[in-house]
Amino acid sequence: MEDFRRVADEVAAAIAAGRLRPGDRLPPQRAFARDRRIAASTASRVYGELARRGLVVGEVGRGTFVRAAEPAPVPALAEPAGAKVDLELSNPVLPEQSALLAAGLGRLLRPDVLDAALGPGRVTGTAAAREAAAALLAAPGWRPAPGSVLFAGNGRQAIAGAVAALVPPGGRLAVEALTYPVVKGVAARLGVTLVPVAADEDGLRPDALADAHRAAPFGAVYLQPTLHNPRGTTMPRRRRAEVAAALERLGLHAIEDRVWAFLPADGPEPLAALAGDRTVVVDSLSKRLAPGLTLGFAVPPAALAGRVAAALRSGAWGPARFALDAATGWIAGGAVEEITRAKRADAAARSRIVAERLAGAAARSGPPSYFRWWDLPPQWRAETFVAAAARHGIAVTPAAAFVVGTGAAPRAVRVGLASPPLETLGRALDVLAGIAAGGPEDVPVD
């Protein structure tokens with residue numbers, strides 16, 4: 001890839017991840033060239049490429065600014081004018097779950113119970129919350145002790161607390177070369193450097209982790225062994241055992257994000273089952289229930305419990321007591337288990353639609369999930385495909401949003417499946433398949 005396009009991809013990734021927001025001003029081209037250590041002519045081509053993609057706009061005498069997203073120029077499929085089919089986010093919410101959750105809130109309406117729920121929350125939760133969370137997080141081969149469970153306001157804060165506890169400012173956190181974009185923002189705010197480590201179809205490569213750690217030690221490694229975001233892969237038990245052995249050999253700790261691990265009913269045992277003294281498990285209710293129901297979990301080994309608890313407290317990342325008590329009731333009363341079963345069935349139905357509508361495409365498969373990583377045909381670049389989809393009112397996420405470091409982004413997109421109704425999802429995937437079968441030259445220019 002030409003140098004200017006690689007640099008443009010990096011800026012596009014910053015825009016996609018929200019590090020550069022609509023209205024932000026880019027540096028003057030000479031300053032940009034100096035900061036990036038590229039020629040001024042290359043910087044000019046970078047800005048031209050960003051403008052061609054519709055990501056920035058130049059204003060005479062003022063500079064170049066990140067462009068605000070514009071509504072689709074035509075109705076999205078058969079949706080009302082201006083509507084968008086959201087295949088970016090993966091926040092599954094089922095129509096029937098509100099009634100289940102509402103029923104579980106009845107006890108909180110008692111004045112004595114509500115008085116307690118309106119008090120301050122603690123990262124150690126309550127005895128009832130710890131018991132409920134330990135039962136919820138249990139998996140084949142692993143069940144946390146209730147006393148080991150800590151609570152955060154949400155899953156992102158649980159990740160931030162774990163990173164802050166394990167990696168000092170200026171330290172290094174190993175991640176897969178494609179990773180959850182929120183981790184990039186967390187690391188930036190904590191002054192932590194992310195280091196991409198090679199992965200294959202089975203997940204993080206232990207040999208690559210060892211080589212990178214010996215070259216310059218890491219404070220920890222962050223990974224999603226089950227339903228990795230964005231690739232959708234699940235690390236087999238053999239690779240988990242190899243990673244666990246590498247952690248022990250290197251004296252390294254892992255942050256195991258299990259936010260999607262509830263979907264496979266009989267998935268592999270957690271990494272924590274194989275490296276319990278080396279692994280901090282993080283999870284949340286955002287995918288099991290809904291993004292507005294914010295409660296995160298962190299389960300560190302005993303030797304790290306004080307550090308993780310202190311990080312959660314000092315970061316003001318503790319839970320709200322009302323959310324803690326509500327979640328405890330939903331877990332103990334069976335609502336979470338019932339919704340989990342329903343979401344497994346829903347994810348399976350959506351995965352079948354992907355298999356039918358993107359048949360023959362290089363869409364990765366695996367356990368039923370709410371997103372798919374799609375390797376595009378060779379005539380497409382991810383950013384160009386995203387722009388073509390947007391002209392049809394369909395939003396998908398380019399690979400650049402998940403890239404760590406300066407490596408080139410793959411020709412791929414992540415397709416989120418959770419948001420639209422099943423019928424709309426099927427029609428949207430038909431449109432995407434049609435776009436992919438053509439080429440950029442077939443897309444009309446605005």
# chains A, B, ... in the order shown; residues from 1 in each chain; ligands from 1

$ residues_around --residues "A:Arg21" --least-positions-apart "4" --cutoff "12 Å" --atoms "only C-alpha atoms" --output "list in words"
Val11, Ala12, Ala13, Ala14, Ile15, Ala16, Ala17, Arg25, Leu26, Leu55, Val56, Phe65, Val66, Arg67, Ala68 and Ala69 of chain A

$ write_last_selection --atoms "N, CA, C and O atoms" --output "compact mmCIF listing (two decimals), in the first residue's frame"
# COMPACT_ATOMS: atom_id res chain seq x y z
N VAL A 11 -5.52 7.80 10.21
CA VAL A 11 -6.39 8.92 10.58
C VAL A 11 -7.86 8.48 10.53
O VAL A 11 -8.65 8.82 11.42
N ALA A 12 -8.21 7.70 9.50
CA ALA A 12 -9.59 7.20 9.40
C ALA A 12 -9.95 6.34 10.60
O ALA A 12 -11.08 6.39 11.10
N ALA A 13 -8.99 5.54 11.07
CA ALA A 13 -9.24 4.70 12.25
C ALA A 13 -9.48 5.56 13.47
O ALA A 13 -10.34 5.24 14.31
N ALA A 14 -8.72 6.66 13.61
CA ALA A 14 -8.92 7.56 14.75
C ALA A 14 -10.31 8.21 14.70
O ALA A 14 -10.96 8.39 15.72
N ILE A 15 -10.77 8.52 13.49
CA ILE A 15 -12.12 9.09 13.35
C ILE A 15 -13.17 8.04 13.69
O ILE A 15 -14.12 8.29 14.42
N ALA A 16 -12.97 6.81 13.17
CA ALA A 16 -13.94 5.74 13.43
C ALA A 16 -14.01 5.40 14.91
O ALA A 16 -15.08 5.06 15.43
N ALA A 17 -12.88 5.47 15.61
CA ALA A 17 -12.84 5.12 17.04
C ALA A 17 -13.30 6.27 17.94
O ALA A 17 -13.42 6.08 19.15
N ARG A 25 -10.33 19.98 14.35
CA ARG A 25 -9.45 20.52 13.31
C ARG A 25 -8.18 19.69 13.22
O ARG A 25 -7.53 19.41 14.25
N LEU A 26 -7.81 19.30 12.01
CA LEU A 26 -6.54 18.60 11.81
C LEU A 26 -5.40 19.63 11.79
O LEU A 26 -5.62 20.80 11.49
N LEU A 55 -14.28 12.05 4.73
CA LEU A 55 -14.03 12.08 6.17
C LEU A 55 -13.67 13.46 6.68
O LEU A 55 -13.83 13.75 7.87
N VAL A 56 -13.12 14.31 5.81
CA VAL A 56 -12.74 15.66 6.23
C VAL A 56 -13.23 16.66 5.18
O VAL A 56 -13.55 16.30 4.05
N PHE A 65 -11.10 20.06 8.66
CA PHE A 65 -11.88 19.61 9.80
C PHE A 65 -12.49 18.24 9.54
O PHE A 65 -12.81 17.90 8.40
N VAL A 66 -12.62 17.46 10.63
CA VAL A 66 -13.33 16.19 10.53
C VAL A 66 -14.78 16.48 10.19
O VAL A 66 -15.43 17.30 10.83
N ARG A 67 -15.26 15.79 9.19
CA ARG A 67 -16.60 16.07 8.68
C ARG A 67 -17.66 15.38 9.54
O ARG A 67 -17.49 14.24 9.96
N ALA A 68 -18.75 16.09 9.78
CA ALA A 68 -19.88 15.48 10.48
C ALA A 68 -20.56 14.48 9.57
O ALA A 68 -20.65 14.68 8.35
N ALA A 69 -21.03 13.36 10.15
CA ALA A 69 -21.72 12.35 9.36
C ALA A 69 -23.00 12.95 8.78
O ALA A 69 -23.73 13.68 9.45

$ closest_atom_pairs --of "stretch 355-394 of chain A" --to "stretch 238-261 of chain A" --cutoff "12 Å" --atoms "only C-alpha atoms" --output "CSV"
residue,atom,partner,partner_atom,distance
A:Pro367,CA,A:Ala261,CA,10.3
A:Pro368,CA,A:Trp260,CA,10.5
A:Ser369,CA,A:Trp260,CA,8.1
A:Tyr370,CA,A:Trp260,CA,9.0
A:Phe371,CA,A:Trp260,CA,10.6

$ write_last_selection --atoms "all heavy atoms" --output "PDB file, in the first residue's frame"
ATOM      1  N   PRO A 367     -19.359 -20.106  16.552  1.00  0.00           N
ATOM      2  CA  PRO A 367     -20.551 -20.207  17.392  1.00  0.00           C
ATOM      3  C   PRO A 367     -21.497 -19.059  17.072  1.00  0.00           C
ATOM      4  O   PRO A 367     -21.066 -17.993  16.635  1.00  0.00           O
ATOM      5  CB  PRO A 367     -19.985 -20.065  18.818  1.00  0.00           C
ATOM      6  CG  PRO A 367     -18.536 -20.375  18.697  1.00  0.00           C
ATOM      7  CD  PRO A 367     -18.123 -19.956  17.328  1.00  0.00           C
ATOM      8  N   PRO A 368     -22.794 -19.244  17.276  1.00  0.00           N
ATOM      9  CA  PRO A 368     -23.727 -18.139  17.024  1.00  0.00           C
ATOM     10  C   PRO A 368     -23.288 -16.885  17.773  1.00  0.00           C
ATOM     11  O   PRO A 368     -22.946 -16.929  18.946  1.00  0.00           O
ATOM     12  CB  PRO A 368     -25.050 -18.678  17.583  1.00  0.00           C
ATOM     13  CG  PRO A 368     -24.927 -20.162  17.471  1.00  0.00           C
ATOM     14  CD  PRO A 368     -23.477 -20.455  17.725  1.00  0.00           C
ATOM     15  N   SER A 369     -23.259 -15.777  17.053  1.00  0.00           N
ATOM     16  CA  SER A 369     -22.829 -14.529  17.670  1.00  0.00           C
ATOM     17  C   SER A 369     -23.610 -13.384  17.069  1.00  0.00           C
ATOM     18  O   SER A 369     -24.408 -13.566  16.144  1.00  0.00           O
ATOM     19  CB  SER A 369     -21.327 -14.314  17.486  1.00  0.00           C
ATOM     20  OG  SER A 369     -21.036 -13.965  16.152  1.00  0.00           O
ATOM     21  N   TYR A 370     -23.364 -12.188  17.579  1.00  0.00           N
ATOM     22  CA  TYR A 370     -24.075 -11.002  17.123  1.00  0.00           C
ATOM     23  C   TYR A 370     -23.222 -10.132  16.204  1.00  0.00           C
ATOM     24  O   TYR A 370     -23.558  -8.965  15.983  1.00  0.00           O
ATOM     25  CB  TYR A 370     -24.557 -10.188  18.319  1.00  0.00           C
ATOM     26  CG  TYR A 370     -25.855 -10.706  18.912  1.00  0.00           C
ATOM     27  CD1 TYR A 370     -25.884 -11.349  20.142  1.00  0.00           C
ATOM     28  CD2 TYR A 370     -27.062 -10.550  18.231  1.00  0.00           C
ATOM     29  CE1 TYR A 370     -27.079 -11.806  20.687  1.00  0.00           C
ATOM     30  CE2 TYR A 370     -28.253 -11.004  18.761  1.00  0.00           C
ATOM     31  CZ  TYR A 370     -28.258 -11.634  19.991  1.00  0.00           C
ATOM     32  OH  TYR A 370     -29.448 -12.097  20.517  1.00  0.00           O
ATOM     33  N   PHE A 371     -22.141 -10.648  15.669  1.00  0.00           N
ATOM     34  CA  PHE A 371     -21.358  -9.913  14.682  1.00  0.00           C
ATOM     35  C   PHE A 371     -20.574 -10.902  13.833  1.00  0.00           C
ATOM     36  O   PHE A 371     -20.385 -12.050  14.211  1.00  0.00           O
ATOM     37  CB  PHE A 371     -20.403  -8.904  15.343  1.00  0.00           C
ATOM     38  CG  PHE A 371     -19.471  -9.506  16.357  1.00  0.00           C
ATOM     39  CD1 PHE A 371     -18.219  -9.988  15.981  1.00  0.00           C
ATOM     40  CD2 PHE A 371     -19.821  -9.586  17.698  1.00  0.00           C
ATOM     41  CE1 PHE A 371     -17.359 -10.545  16.909  1.00  0.00           C
ATOM     42  CE2 PHE A 371     -18.963 -10.135  18.634  1.00  0.00           C
ATOM     43  CZ  PHE A 371     -17.731 -10.609  18.236  1.00  0.00           C
TER      44      PHE A 371
END

$ closest_residue --among "A:Arg172, A:Arg341, A:Arg427, A:Arg214" --to "A:Val195" --atoms "only C-alpha atoms"
A:Arg172

$ select_by_dssp --residues "stretch 30-69 of chain A" --states "alpha helix (DSSP H)" --output "PyMOL selection string"
chain A and resi 30-36+40-52

$ closest_residue --among "A:Leu105, A:Trp380, A:Ala187, A:Pro420" --to "A:Ser90" --atoms "only C-alpha atoms"
A:Pro420

$ closest_residue --among "A:Ala133, A:Val57, A:Ala138, A:Leu50" --to "A:Leu285" --atoms "only C-alpha atoms"
A:Ala133

$ atom_distance --atom1 "atom CA of A:Arg110" --atom2 "atom CA of A:Leu324"
16.2 Å

$ atom_distance --atom1 "atom CA of A:Ala275" --atom2 "atom CA of A:Trp142"
10.6 Å

$ closest_residue --among "A:Leu263, A:Val7, A:Ala188, A:Ala216" --to "A:Ile339" --atoms "only C-alpha atoms"
A:Leu263

$ select_by_dssp --residues "stretch 166-236 of chain A" --states "strand (DSSP E)" --output "number ranges by chain"
A: 172-176, 193-197, 199-200, 203-204, 220-223

$ residues_around --residues "A:Pro140" --least-positions-apart "2" --cutoff "10 Å" --atoms "only C-alpha atoms" --output "VMD selection string"
chain A and resid 138 142 to 143 265 to 270 273

$ write_last_selection --atoms "C-alpha atoms" --output "PDB file, in the first residue's frame"
ATOM      1  CA  ALA A 138     -19.388 -19.603  36.507  1.00  0.00           C
ATOM      2  CA  TRP A 142     -14.242 -22.467  36.646  1.00  0.00           C
ATOM      3  CA  ARG A 143     -16.424 -20.941  39.337  1.00  0.00           C
ATOM      4  CA  ALA A 265     -23.811 -22.684  25.977  1.00  0.00           C
ATOM      5  CA  ASP A 266     -20.949 -25.196  26.106  1.00  0.00           C
ATOM      6  CA  GLY A 267     -17.895 -23.145  25.196  1.00  0.00           C
ATOM      7  CA  PRO A 268     -14.326 -23.959  26.250  1.00  0.00           C
ATOM      8  CA  GLU A 269     -13.298 -23.372  29.847  1.00  0.00           C
ATOM      9  CA  PRO A 270     -12.043 -19.867  30.597  1.00  0.00           C
ATOM     10  CA  ALA A 273      -9.490 -22.093  34.756  1.00  0.00           C
TER      11      ALA A 273
END

$ closest_residue --among "A:Pro410, A:Tyr222, A:Arg19, A:Ala8" --to "A:Ser44" --atoms "only C-alpha atoms"
A:Ala8

$ closest_residue --among "A:Ala158, A:Ala199, A:Leu118, A:Ala212" --to "A:Met235" --atoms "only C-alpha atoms"
A:Ala199

$ atom_distance --atom1 "atom CA of A:Leu223" --atom2 "atom CA of A:Val281"
10.2 Å
